Amino acid sequence: MDNQENIIDILKASARDAPSEPGVYIMKNAESRIIYVGKAKNLKNRLKTYFSALKFSPSGTLEGTGDKDKKTVALVKRIHSFETIIVPSEYDALLLENTLIKQHSPKYNISLKDGKTYPLIRITSESFPRIYRTRRVIQDNSLYFGPFPDGQAVTAIIDLIDKLFPLRKCRKMRKNSPCMYYHIKRCMAPCCGKIGKDEYALHIEHVQKLLSGDSDSLIIDLTEKMHEAARALKFEDAAQIRNTIRAIENLSGEDSSVEDLNPENRDYIAWAFEGFLYTFTVFSMRGGKMTGRDLYRTFSAADEQDSLELFITNYYDSAKPPPAKIFFQNFTQRHEDTENMEDNEGEGEKNLNSSSVDSAPQRLCESSLEIFSKWFKEQFDYVPEILAANEKHHNAIMAMAGQNASEDLRKRLKERGAGPALDELARVLNMETRPHRIEGFDISHLDGKYPTASLISFKNGVPDRKNYRHYKLRTVIGKADDYAGVREVVRRRYSALLRDQKELPDLILIDGGIGQVNAAKAILDELGIDCTLASLAEREEEIWLPKAKKPLILERRSDALKVLQHVRDECHRFAVNFNKKLRSKDLFFSVLESVEGIGPKRALIIMKEYESTANIAAADIKDIAERCRISEEAARAVRAVIRLEIDNHKKTVNN
């Protein structure tokens, strides 16, 4: 019983930590065999439902409570682990779920013995093409759109196309007389020469645009026809055209990142790294469908390029040969590369099989290309193309792969914790113990106006948001003096902690350079506080200690530096957001109170209801009046002054 309880506890924790994006979840048993595949709009919420409302009986049997059915409990009893695949939409999740169920035949999924796929819409490659639904893809230059998980939607789309474009219906072209479809105005009778190829091709082009989502011009044309019918008092015709416009707007032929009908075998490789931790993700497209995702975890002291070389030469083998095309994500732009970027632009960015510099991922060096070329040739007797995911659809798949790599890296970082990084930070700053509590400060203002300071707190390397604080600075109003701002906020913060006898931090980090850290040090000495103090200068990421003659420079990959950067960036974000809020509130109130009948209280109500000037400018007058309990005349005036203020601001910015 204890073992199963431990497994359930681990599964519950994993579900709580699952991503909140749409995707597919794959349940596995103790032998790592897939026993169930499911989809979800929100993976975290869906997975949590499996492991909630469970209990163990006195005999050690897992039981469900409440609405938990027996089938779910029977499945949960056999789950030993699960993994998730993040996809862009619930539509993609449905398609991927269908593919994976057919591929793995999980015990607890419905058996799809008929092997049917989701329906498509086909435009044939004939001289006068036909359009109809199908489930089979034939490589004869026909065009296919879909797949469509909803069969009824396909029928509705076909009916709509049939009404808008009376195209050929018959399988074989008749040559003697038009069929009945011509007489009921459902076919233009190309078989009898009633329409030429060029005109017919124009209708096919309109259908292609419609199915591809490029329907704006068609809607404009139909809208004009609807207005013409209304002006001619043909209200039934106008209503029918209106319904057609709505049907086009609701057309549900979505573009999918997990099925694309492209028969070429491809791999999409993305990665994420933090310090020495690397996660590589490979999405495999085979026969136009995504057939799998592999995660490869490694611990590497090598740089990004060398780590990729190591991954490629380990991932592909005789059991898993490379496809004809491999897409790589672009490399992270390193700081040391930016200085000589113009001199080196374009060097080494070559496709393995061509001289084009645009087709390989950004900054994939020539030596790596040569290594890959030689290795692939020796191991598999052919060399796949190495490509960048520049085209929209390829880029969407690559973004999905990158998101999955980042999610796995996030989990690994959480599992590891910040301990090693904090230990490194203690060594760098000559601290006796690990800095469990770090506090960071940042000063924010706009030419001396709205001076504020932010205080953020980290506990064991993790943001401790309940101890975040904002300060409106009192001594630097009307002047830009960061040093004075640092002195004020440090004095206010730590004199209060001393007065209340509360815990002091192990490390204080100031955003800035030697001037800021010395200003803070003077106040700490005045208060008699002996605490490690440092500042981080953003441009060169220099670490300054009090009264130092030169800064500490850490490697960009240093975990200790990443902790300081995290604190500094979080502090900066917190300060800037507060400063913006003060500025926007001030503008918000002054503009609203310029309207007759709108005082401070009513302005506050409007602000709470709409939160921003942009929301007011876009709001309906009746909605403003009802929600803010003012007259429609006042609501109209409120919206007018807000729109005028926005226009004036745009003109000021442009000038």
# chains A, B, ... in the order shown; residues from 1 in each chain; ligands from 1

$ residues_around --residues "Val76 of chain A" --least-positions-apart "5" --cutoff "10 Å" --atoms "only C-alpha atoms" --output "list in words"
Ile8, Leu11, Met27, Asn29, Tyr50, Phe51, Leu54, Leu62, Glu63, Gly64, Lys70 and Lys71 of chain A

$ write_last_selection --atoms "N, CA and C atoms" --output "PDB file, in the first residue's frame"
ATOM      1  N   ILE A   8       0.994   7.628  -6.011  1.00  0.00           N
ATOM      2  CA  ILE A   8      -0.127   8.564  -6.171  1.00  0.00           C
ATOM      3  C   ILE A   8       0.286   9.967  -5.738  1.00  0.00           C
ATOM      4  N   LEU A  11       2.366  11.408  -8.474  1.00  0.00           N
ATOM      5  CA  LEU A  11       1.529  11.750  -9.625  1.00  0.00           C
ATOM      6  C   LEU A  11       0.721  13.022  -9.356  1.00  0.00           C
ATOM      7  N   MET A  27      -0.258   8.332 -20.481  1.00  0.00           N
ATOM      8  CA  MET A  27      -0.146   7.563 -19.247  1.00  0.00           C
ATOM      9  C   MET A  27       0.638   6.271 -19.497  1.00  0.00           C
ATOM     10  N   ASN A  29       2.436   2.560 -17.606  1.00  0.00           N
ATOM     11  CA  ASN A  29       2.414   1.661 -16.453  1.00  0.00           C
ATOM     12  C   ASN A  29       3.832   1.463 -15.915  1.00  0.00           C
ATOM     13  N   TYR A  50      -7.716  13.454 -12.438  1.00  0.00           N
ATOM     14  CA  TYR A  50      -7.486  12.007 -12.314  1.00  0.00           C
ATOM     15  C   TYR A  50      -7.120  11.618 -10.887  1.00  0.00           C
ATOM     16  N   PHE A  51      -6.365  12.481 -10.205  1.00  0.00           N
ATOM     17  CA  PHE A  51      -5.792  12.091  -8.923  1.00  0.00           C
ATOM     18  C   PHE A  51      -6.457  12.778  -7.734  1.00  0.00           C
ATOM     19  N   LEU A  54      -9.511  10.749  -4.336  1.00  0.00           N
ATOM     20  CA  LEU A  54      -9.093   9.359  -4.180  1.00  0.00           C
ATOM     21  C   LEU A  54      -8.781   9.080  -2.712  1.00  0.00           C
ATOM     22  N   LEU A  62      -7.121   1.218  -3.435  1.00  0.00           N
ATOM     23  CA  LEU A  62      -7.407   2.569  -3.907  1.00  0.00           C
ATOM     24  C   LEU A  62      -8.863   2.656  -4.324  1.00  0.00           C
ATOM     25  N   GLU A  63      -9.566   3.677  -3.813  1.00  0.00           N
ATOM     26  CA  GLU A  63     -10.984   3.853  -4.106  1.00  0.00           C
ATOM     27  C   GLU A  63     -11.243   5.298  -4.514  1.00  0.00           C
ATOM     28  N   GLY A  64     -12.311   5.465  -5.281  1.00  0.00           N
ATOM     29  CA  GLY A  64     -12.734   6.800  -5.657  1.00  0.00           C
ATOM     30  C   GLY A  64     -13.831   7.296  -4.752  1.00  0.00           C
ATOM     31  N   LYS A  70     -15.612   4.053 -11.629  1.00  0.00           N
ATOM     32  CA  LYS A  70     -14.763   2.875 -11.446  1.00  0.00           C
ATOM     33  C   LYS A  70     -13.731   2.750 -12.553  1.00  0.00           C
ATOM     34  N   LYS A  71     -14.102   3.143 -13.783  1.00  0.00           N
ATOM     35  CA  LYS A  71     -13.159   3.031 -14.896  1.00  0.00           C
ATOM     36  C   LYS A  71     -11.935   3.922 -14.661  1.00  0.00           C
TER      37      LYS A  71
END

$ residues_around --residues "Ser81 of chain A" --least-positions-apart "5" --cutoff "10 Å" --atoms "only C-alpha atoms" --output "number ranges by chain"
A: 7-8, 10-11, 14, 26-34

$ residues_around --residues "Lys374 of chain A" --least-positions-apart "5" --cutoff "9 Å" --atoms "only C-alpha atoms" --output "mmCIF file with all heavy atoms, in the first residue's frame"
data_model
loop_
_atom_site.group_PDB
_atom_site.id
_atom_site.type_symbol
_atom_site.label_atom_id
_atom_site.label_comp_id
_atom_site.auth_asym_id
_atom_site.auth_seq_id
_atom_site.Cartn_x
_atom_site.Cartn_y
_atom_site.Cartn_z
ATOM 1 N N LEU A 369 28.770 22.021 -39.557
ATOM 2 C CA LEU A 369 28.179 21.503 -40.791
ATOM 3 C C LEU A 369 29.063 20.414 -41.401
ATOM 4 O O LEU A 369 28.576 19.391 -41.876
ATOM 5 C CB LEU A 369 27.980 22.636 -41.795
ATOM 6 C CG LEU A 369 26.873 23.643 -41.465
ATOM 7 C CD1 LEU A 369 26.961 24.837 -42.398
ATOM 8 C CD2 LEU A 369 25.510 22.997 -41.565
ATOM 9 N N GLN A 379 27.835 7.120 -41.316
ATOM 10 C CA GLN A 379 26.928 6.263 -40.558
ATOM 11 C C GLN A 379 25.756 5.750 -41.395
ATOM 12 O O GLN A 379 25.293 4.619 -41.196
ATOM 13 C CB GLN A 379 26.374 7.031 -39.344
ATOM 14 C CG GLN A 379 27.432 7.451 -38.342
ATOM 15 C CD GLN A 379 28.085 6.270 -37.658
ATOM 16 O OE1 GLN A 379 27.416 5.294 -37.314
ATOM 17 N NE2 GLN A 379 29.394 6.343 -37.472
ATOM 18 N N VAL A 383 23.261 12.222 -46.628
ATOM 19 C CA VAL A 383 23.342 13.432 -45.808
ATOM 20 C C VAL A 383 22.003 14.164 -45.879
ATOM 21 O O VAL A 383 21.604 14.627 -46.947
ATOM 22 C CB VAL A 383 24.466 14.370 -46.298
ATOM 23 C CG1 VAL A 383 24.515 15.628 -45.440
ATOM 24 C CG2 VAL A 383 25.802 13.644 -46.278
#

$ residues_around --residues "Ile510 of chain A" --least-positions-apart "6" --cutoff "6 Å" --atoms "only C-alpha atoms" --output "list in words"
Gly440, Phe441 and Ser535 of chain A

$ select_by_dssp --residues "segment 383-458 of chain A" --states "helix (DSSP H, G or I)" --output "ChimeraX atom specification"
/A:392-416,419-428

$ write_last_selection --atoms "N, CA, C and O atoms" --output "tab-separated table (two decimals), in the first residue's frame"
chain	number	residue	atom	x	y	z
A	392	LYS	N	6.35	29.90	-42.37
A	392	LYS	CA	5.39	30.05	-41.26
A	392	LYS	C	5.03	28.72	-40.61
A	392	LYS	O	5.04	28.58	-39.39
A	393	HIS	N	4.68	27.72	-41.42
A	393	HIS	CA	4.23	26.45	-40.85
A	393	HIS	C	5.37	25.73	-40.13
A	393	HIS	O	5.19	25.22	-39.02
A	394	HIS	N	6.54	25.69	-40.73
A	394	HIS	CA	7.69	25.06	-40.08
A	394	HIS	C	8.04	25.79	-38.78
A	394	HIS	O	8.39	25.17	-37.78
A	395	ASN	N	7.92	27.10	-38.81
A	395	ASN	CA	8.23	27.89	-37.62
A	395	ASN	C	7.25	27.59	-36.49
A	395	ASN	O	7.62	27.59	-35.31
A	396	ALA	N	5.98	27.32	-36.85
A	396	ALA	CA	4.98	26.98	-35.83
A	396	ALA	C	5.31	25.66	-35.14
A	396	ALA	O	5.19	25.52	-33.92
A	397	ILE	N	5.76	24.68	-35.93
A	397	ILE	CA	6.15	23.39	-35.34
A	397	ILE	C	7.38	23.56	-34.48
A	397	ILE	O	7.48	23.00	-33.38
A	398	MET	N	8.35	24.36	-34.96
A	398	MET	CA	9.56	24.58	-34.19
A	398	MET	C	9.26	25.30	-32.88
A	398	MET	O	9.86	24.99	-31.83
A	399	ALA	N	8.35	26.25	-32.93
A	399	ALA	CA	7.97	26.96	-31.69
A	399	ALA	C	7.35	25.99	-30.69
A	399	ALA	O	7.59	26.09	-29.48
A	400	MET	N	6.56	25.04	-31.19
A	400	MET	CA	5.96	24.02	-30.32
A	400	MET	C	7.05	23.15	-29.70
A	400	MET	O	7.01	22.84	-28.50
A	401	ALA	N	8.05	22.76	-30.50
A	401	ALA	CA	9.16	21.96	-29.98
A	401	ALA	C	9.93	22.74	-28.93
A	401	ALA	O	10.30	22.20	-27.87
A	402	GLY	N	10.18	24.02	-29.20
A	402	GLY	CA	10.90	24.85	-28.24
A	402	GLY	C	10.16	25.02	-26.94
A	402	GLY	O	10.75	25.02	-25.85
A	403	GLN	N	8.83	25.16	-27.02
A	403	GLN	CA	8.02	25.29	-25.81
A	403	GLN	C	8.10	24.04	-24.95
A	403	GLN	O	8.19	24.11	-23.72
A	404	ASN	N	8.10	22.87	-25.59
A	404	ASN	CA	8.20	21.62	-24.84
A	404	ASN	C	9.57	21.46	-24.20
A	404	ASN	O	9.69	20.97	-23.07
A	405	ALA	N	10.63	21.89	-24.90
A	405	ALA	CA	11.97	21.83	-24.32
A	405	ALA	C	12.07	22.76	-23.11
A	405	ALA	O	12.63	22.39	-22.07
A	406	SER	N	11.53	23.96	-23.24
A	406	SER	CA	11.57	24.92	-22.13
A	406	SER	C	10.79	24.42	-20.93
A	406	SER	O	11.20	24.62	-19.77
A	407	GLU	N	9.66	23.77	-21.18
A	407	GLU	CA	8.84	23.24	-20.08
A	407	GLU	C	9.60	22.15	-19.34
A	407	GLU	O	9.58	22.09	-18.10
A	408	ASP	N	10.28	21.27	-20.08
A	408	ASP	CA	11.04	20.21	-19.42
A	408	ASP	C	12.20	20.79	-18.63
A	408	ASP	O	12.49	20.33	-17.52
A	409	LEU	N	12.86	21.80	-19.19
A	409	LEU	CA	13.97	22.43	-18.47
A	409	LEU	C	13.48	23.08	-17.18
A	409	LEU	O	14.15	23.02	-16.14
A	410	ARG	N	12.31	23.70	-17.25
A	410	ARG	CA	11.73	24.31	-16.05
A	410	ARG	C	11.54	23.27	-14.95
A	410	ARG	O	11.85	23.50	-13.78
A	411	LYS	N	11.04	22.10	-15.33
A	411	LYS	CA	10.83	21.04	-14.35
A	411	LYS	C	12.16	20.57	-13.76
A	411	LYS	O	12.27	20.32	-12.56
A	412	ARG	N	13.18	20.45	-14.61
A	412	ARG	CA	14.50	20.01	-14.13
A	412	ARG	C	15.10	21.02	-13.16
A	412	ARG	O	15.68	20.64	-12.13
A	413	LEU	N	14.96	22.30	-13.47
A	413	LEU	CA	15.48	23.33	-12.58
A	413	LEU	C	14.76	23.31	-11.24
A	413	LEU	O	15.37	23.50	-10.18
A	414	LYS	N	13.44	23.07	-11.30
A	414	LYS	CA	12.67	23.01	-10.06
A	414	LYS	C	13.08	21.79	-9.23
A	414	LYS	O	13.17	21.85	-8.00
A	415	GLU	N	13.31	20.66	-9.92
A	415	GLU	CA	13.73	19.45	-9.21
A	415	GLU	C	15.11	19.63	-8.56
A	415	GLU	O	15.36	19.17	-7.45
A	416	ARG	N	16.00	20.31	-9.28
A	416	ARG	CA	17.34	20.50	-8.75
A	416	ARG	C	17.39	21.53	-7.64
A	416	ARG	O	18.15	21.42	-6.69
A	419	GLY	N	20.07	25.42	-4.87
A	419	GLY	CA	21.18	25.20	-3.95
A	419	GLY	C	22.55	25.35	-4.56
A	419	GLY	O	23.39	26.13	-4.06
A	420	PRO	N	22.88	24.63	-5.65
A	420	PRO	CA	24.22	24.74	-6.24
A	420	PRO	C	24.55	26.17	-6.68
A	420	PRO	O	25.69	26.62	-6.51
A	421	ALA	N	23.58	26.89	-7.23
A	421	ALA	CA	23.83	28.26	-7.67
A	421	ALA	C	24.09	29.18	-6.47
A	421	ALA	O	24.97	30.05	-6.52
A	422	LEU	N	23.35	28.99	-5.39
A	422	LEU	CA	23.56	29.80	-4.20
A	422	LEU	C	24.90	29.50	-3.55
A	422	LEU	O	25.56	30.40	-3.01
A	423	ASP	N	25.32	28.24	-3.59
A	423	ASP	CA	26.65	27.89	-3.06
A	423	ASP	C	27.74	28.57	-3.87
A	423	ASP	O	28.73	29.08	-3.32
A	424	GLU	N	27.58	28.58	-5.20
A	424	GLU	CA	28.55	29.26	-6.06
A	424	GLU	C	28.57	30.75	-5.78
A	424	GLU	O	29.64	31.38	-5.72
A	425	LEU	N	27.39	31.34	-5.58
A	425	LEU	CA	27.30	32.76	-5.27
A	425	LEU	C	28.02	33.09	-3.96
A	425	LEU	O	28.70	34.12	-3.85
A	426	ALA	N	27.86	32.23	-2.96
A	426	ALA	CA	28.54	32.44	-1.67
A	426	ALA	C	30.06	32.43	-1.86
A	426	ALA	O	30.77	33.25	-1.26
A	427	ARG	N	30.56	31.52	-2.69
A	427	ARG	CA	32.01	31.46	-2.93
A	427	ARG	C	32.50	32.71	-3.65
A	427	ARG	O	33.54	33.28	-3.31
A	428	VAL	N	31.72	33.17	-4.65
A	428	VAL	CA	32.13	34.34	-5.43
A	428	VAL	C	32.20	35.58	-4.55
A	428	VAL	O	33.13	36.40	-4.67

$ residues_around --residues "segment 521-525 of chain A" --least-positions-apart "2" --cutoff "9 Å" --atoms "only C-alpha atoms" --output "number ranges by chain"
A: 487-488, 490-491, 494, 516-519, 527-531, 533, 546-547

$ write_last_selection --atoms "N, CA and C atoms" --output "short mmCIF file (atom, residue, chain, number, x, y, z; two decimals), in the first residue's frame"
data_model
loop_
_atom_site.label_atom_id
_atom_site.label_comp_id
_atom_site.auth_asym_id
_atom_site.auth_seq_id
_atom_site.Cartn_x
_atom_site.Cartn_y
_atom_site.Cartn_z
N ARG A 487 19.85 55.75 -1.04
CA ARG A 487 20.04 56.03 0.39
C ARG A 487 18.72 56.07 1.14
N GLU A 488 17.70 56.70 0.51
CA GLU A 488 16.41 56.82 1.19
C GLU A 488 15.76 55.46 1.40
N VAL A 490 17.02 52.38 1.34
CA VAL A 490 17.77 51.48 2.21
C VAL A 490 17.57 51.87 3.67
N ARG A 491 17.61 53.18 3.94
CA ARG A 491 17.39 53.64 5.32
C ARG A 491 15.98 53.28 5.79
N TYR A 494 15.62 49.20 6.30
CA TYR A 494 16.34 48.46 7.34
C TYR A 494 16.25 49.11 8.71
N GLN A 516 26.01 53.42 -6.73
CA GLN A 516 24.82 52.94 -6.01
C GLN A 516 25.20 52.06 -4.82
N VAL A 517 26.18 51.15 -5.01
CA VAL A 517 26.52 50.24 -3.92
C VAL A 517 27.20 50.99 -2.79
N ASN A 518 28.00 52.01 -3.09
CA ASN A 518 28.62 52.80 -2.04
C ASN A 518 27.59 53.63 -1.29
N ALA A 519 26.58 54.13 -2.01
CA ALA A 519 25.51 54.88 -1.35
C ALA A 519 24.76 53.99 -0.35
N LEU A 527 23.56 52.49 10.13
CA LEU A 527 22.60 51.72 10.93
C LEU A 527 23.28 50.59 11.71
N GLY A 528 24.57 50.39 11.47
CA GLY A 528 25.29 49.33 12.17
C GLY A 528 24.96 47.94 11.69
N ILE A 529 24.62 47.81 10.41
CA ILE A 529 24.24 46.51 9.83
C ILE A 529 25.43 45.94 9.06
N ASP A 530 25.85 44.75 9.43
CA ASP A 530 26.93 44.06 8.73
C ASP A 530 26.32 43.00 7.82
N CYS A 531 26.15 43.34 6.56
CA CYS A 531 25.47 42.45 5.61
C CYS A 531 26.21 42.50 4.28
N LEU A 533 26.84 43.06 0.60
CA LEU A 533 26.19 44.03 -0.29
C LEU A 533 26.90 44.00 -1.63
N PRO A 546 31.32 47.08 -2.34
CA PRO A 546 31.60 48.41 -1.79
C PRO A 546 33.08 48.76 -1.83
N LYS A 547 33.36 49.99 -2.29
CA LYS A 547 34.70 50.56 -2.31
C LYS A 547 35.69 49.78 -3.17
#

$ atom_distance --atom1 "atom CA of Lys169 of chain A" --atom2 "atom CA of Ile121 of chain A"
14.2 Å

$ residues_around --residues "Gly513 of chain A" --least-positions-apart "5" --cutoff "12 Å" --atoms "only C-alpha atoms" --output "PyMOL selection string"
chain A and resi 442+482-483+486+518-520+533-552

$ closest_residue --among "A:Leu47, A:Ile138, A:Ala229, A:Ile35" --to "Gly23 of chain A" --atoms "only C-alpha atoms"
A:Leu47

$ atom_distance --atom1 "atom CA of Thr475 of chain A" --atom2 "atom CA of Ser444 of chain A"
13.6 Å

$ residues_around --residues "Tyr132 of chain A" --least-positions-apart "4" --cutoff "8 Å" --atoms "only C-alpha atoms" --output "JSON, numbers by chain"
{"A": [121, 122, 123, 158]}

$ atom_distance --atom1 "atom CA of Pro190 of chain A" --atom2 "atom CA of Asp237 of chain A"
27.1 Å

$ decode --residues "segment 495-504 of chain A" --atoms "all heavy atoms" --output "PDB file, in the first residue's frame"
ATOM      1  N   SER A 495      15.942  50.395   8.772  1.00  0.00           N
ATOM      2  CA  SER A 495      15.635  50.974  10.080  1.00  0.00           C
ATOM      3  C   SER A 495      14.321  50.388  10.592  1.00  0.00           C
ATOM      4  O   SER A 495      14.168  50.150  11.800  1.00  0.00           O
ATOM      5  CB  SER A 495      15.551  52.499   9.988  1.00  0.00           C
ATOM      6  OG  SER A 495      14.531  52.898   9.071  1.00  0.00           O
ATOM      7  N   ALA A 496      13.364  50.111   9.663  1.00  0.00           N
ATOM      8  CA  ALA A 496      12.094  49.488  10.067  1.00  0.00           C
ATOM      9  C   ALA A 496      12.321  48.056  10.540  1.00  0.00           C
ATOM     10  O   ALA A 496      11.722  47.623  11.538  1.00  0.00           O
ATOM     11  CB  ALA A 496      11.108  49.519   8.905  1.00  0.00           C
ATOM     12  N   LEU A 497      13.172  47.290   9.850  1.00  0.00           N
ATOM     13  CA  LEU A 497      13.442  45.916  10.281  1.00  0.00           C
ATOM     14  C   LEU A 497      14.133  45.881  11.644  1.00  0.00           C
ATOM     15  O   LEU A 497      13.818  45.035  12.491  1.00  0.00           O
ATOM     16  CB  LEU A 497      14.313  45.197   9.235  1.00  0.00           C
ATOM     17  CG  LEU A 497      13.671  44.858   7.886  1.00  0.00           C
ATOM     18  CD1 LEU A 497      14.637  44.033   7.031  1.00  0.00           C
ATOM     19  CD2 LEU A 497      12.367  44.102   8.049  1.00  0.00           C
ATOM     20  N   LEU A 498      15.064  46.811  11.857  1.00  0.00           N
ATOM     21  CA  LEU A 498      15.732  46.872  13.155  1.00  0.00           C
ATOM     22  C   LEU A 498      14.753  47.250  14.256  1.00  0.00           C
ATOM     23  O   LEU A 498      14.770  46.668  15.358  1.00  0.00           O
ATOM     24  CB  LEU A 498      16.886  47.881  13.107  1.00  0.00           C
ATOM     25  CG  LEU A 498      18.107  47.481  12.262  1.00  0.00           C
ATOM     26  CD1 LEU A 498      19.084  48.653  12.183  1.00  0.00           C
ATOM     27  CD2 LEU A 498      18.795  46.247  12.838  1.00  0.00           C
ATOM     28  N   ARG A 499      13.888  48.205  13.962  1.00  0.00           N
ATOM     29  CA  ARG A 499      12.908  48.649  14.956  1.00  0.00           C
ATOM     30  C   ARG A 499      11.962  47.523  15.343  1.00  0.00           C
ATOM     31  O   ARG A 499      11.622  47.345  16.526  1.00  0.00           O
ATOM     32  CB  ARG A 499      12.125  49.841  14.404  1.00  0.00           C
ATOM     33  CG  ARG A 499      11.109  50.429  15.383  1.00  0.00           C
ATOM     34  CD  ARG A 499      10.358  51.596  14.774  1.00  0.00           C
ATOM     35  NE  ARG A 499       9.573  51.217  13.611  1.00  0.00           N
ATOM     36  CZ  ARG A 499       9.820  51.617  12.382  1.00  0.00           C
ATOM     37  NH1 ARG A 499      10.869  52.401  12.140  1.00  0.00           N
ATOM     38  NH2 ARG A 499       9.059  51.247  11.378  1.00  0.00           N
ATOM     39  N   ASP A 500      11.526  46.734  14.341  1.00  0.00           N
ATOM     40  CA  ASP A 500      10.576  45.644  14.605  1.00  0.00           C
ATOM     41  C   ASP A 500      11.266  44.330  14.948  1.00  0.00           C
ATOM     42  O   ASP A 500      10.597  43.305  15.121  1.00  0.00           O
ATOM     43  CB  ASP A 500       9.673  45.442  13.376  1.00  0.00           C
ATOM     44  CG  ASP A 500       8.844  46.680  13.062  1.00  0.00           C
ATOM     45  OD1 ASP A 500       8.602  47.473  13.983  1.00  0.00           O
ATOM     46  OD2 ASP A 500       8.457  46.841  11.887  1.00  0.00           O
ATOM     47  N   GLN A 501      12.613  44.359  14.998  1.00  0.00           N
ATOM     48  CA  GLN A 501      13.408  43.175  15.335  1.00  0.00           C
ATOM     49  C   GLN A 501      13.094  41.990  14.407  1.00  0.00           C
ATOM     50  O   GLN A 501      12.920  40.854  14.837  1.00  0.00           O
ATOM     51  CB  GLN A 501      13.185  42.771  16.806  1.00  0.00           C
ATOM     52  CG  GLN A 501      13.648  43.819  17.795  1.00  0.00           C
ATOM     53  CD  GLN A 501      13.497  43.368  19.242  1.00  0.00           C
ATOM     54  OE1 GLN A 501      12.758  42.422  19.546  1.00  0.00           O
ATOM     55  NE2 GLN A 501      14.212  44.027  20.144  1.00  0.00           N
ATOM     56  N   LYS A 502      13.049  42.300  13.126  1.00  0.00           N
ATOM     57  CA  LYS A 502      12.786  41.268  12.125  1.00  0.00           C
ATOM     58  C   LYS A 502      14.082  40.813  11.466  1.00  0.00           C
ATOM     59  O   LYS A 502      15.120  41.471  11.577  1.00  0.00           O
ATOM     60  CB  LYS A 502      11.803  41.791  11.067  1.00  0.00           C
ATOM     61  CG  LYS A 502      10.400  42.023  11.604  1.00  0.00           C
ATOM     62  CD  LYS A 502       9.434  42.402  10.495  1.00  0.00           C
ATOM     63  CE  LYS A 502       8.016  42.545  11.015  1.00  0.00           C
ATOM     64  NZ  LYS A 502       7.051  42.908   9.938  1.00  0.00           N
ATOM     65  N   GLU A 503      14.002  39.689  10.779  1.00  0.00           N
ATOM     66  CA  GLU A 503      15.170  39.068  10.169  1.00  0.00           C
ATOM     67  C   GLU A 503      15.765  39.949   9.073  1.00  0.00           C
ATOM     68  O   GLU A 503      15.047  40.500   8.236  1.00  0.00           O
ATOM     69  CB  GLU A 503      14.770  37.713   9.569  1.00  0.00           C
ATOM     70  CG  GLU A 503      15.891  36.993   8.851  1.00  0.00           C
ATOM     71  CD  GLU A 503      15.405  35.758   8.106  1.00  0.00           C
ATOM     72  OE1 GLU A 503      14.171  35.576   7.990  1.00  0.00           O
ATOM     73  OE2 GLU A 503      16.252  34.979   7.637  1.00  0.00           O
ATOM     74  N   LEU A 504      17.081  40.079   9.082  1.00  0.00           N
ATOM     75  CA  LEU A 504      17.787  40.818   8.046  1.00  0.00           C
ATOM     76  C   LEU A 504      18.204  39.858   6.933  1.00  0.00           C
ATOM     77  O   LEU A 504      18.402  38.669   7.176  1.00  0.00           O
ATOM     78  CB  LEU A 504      19.030  41.496   8.631  1.00  0.00           C
ATOM     79  CG  LEU A 504      18.762  42.626   9.633  1.00  0.00           C
ATOM     80  CD1 LEU A 504      20.062  43.043  10.303  1.00  0.00           C
ATOM     81  CD2 LEU A 504      18.108  43.816   8.952  1.00  0.00           C
TER      82      LEU A 504
END
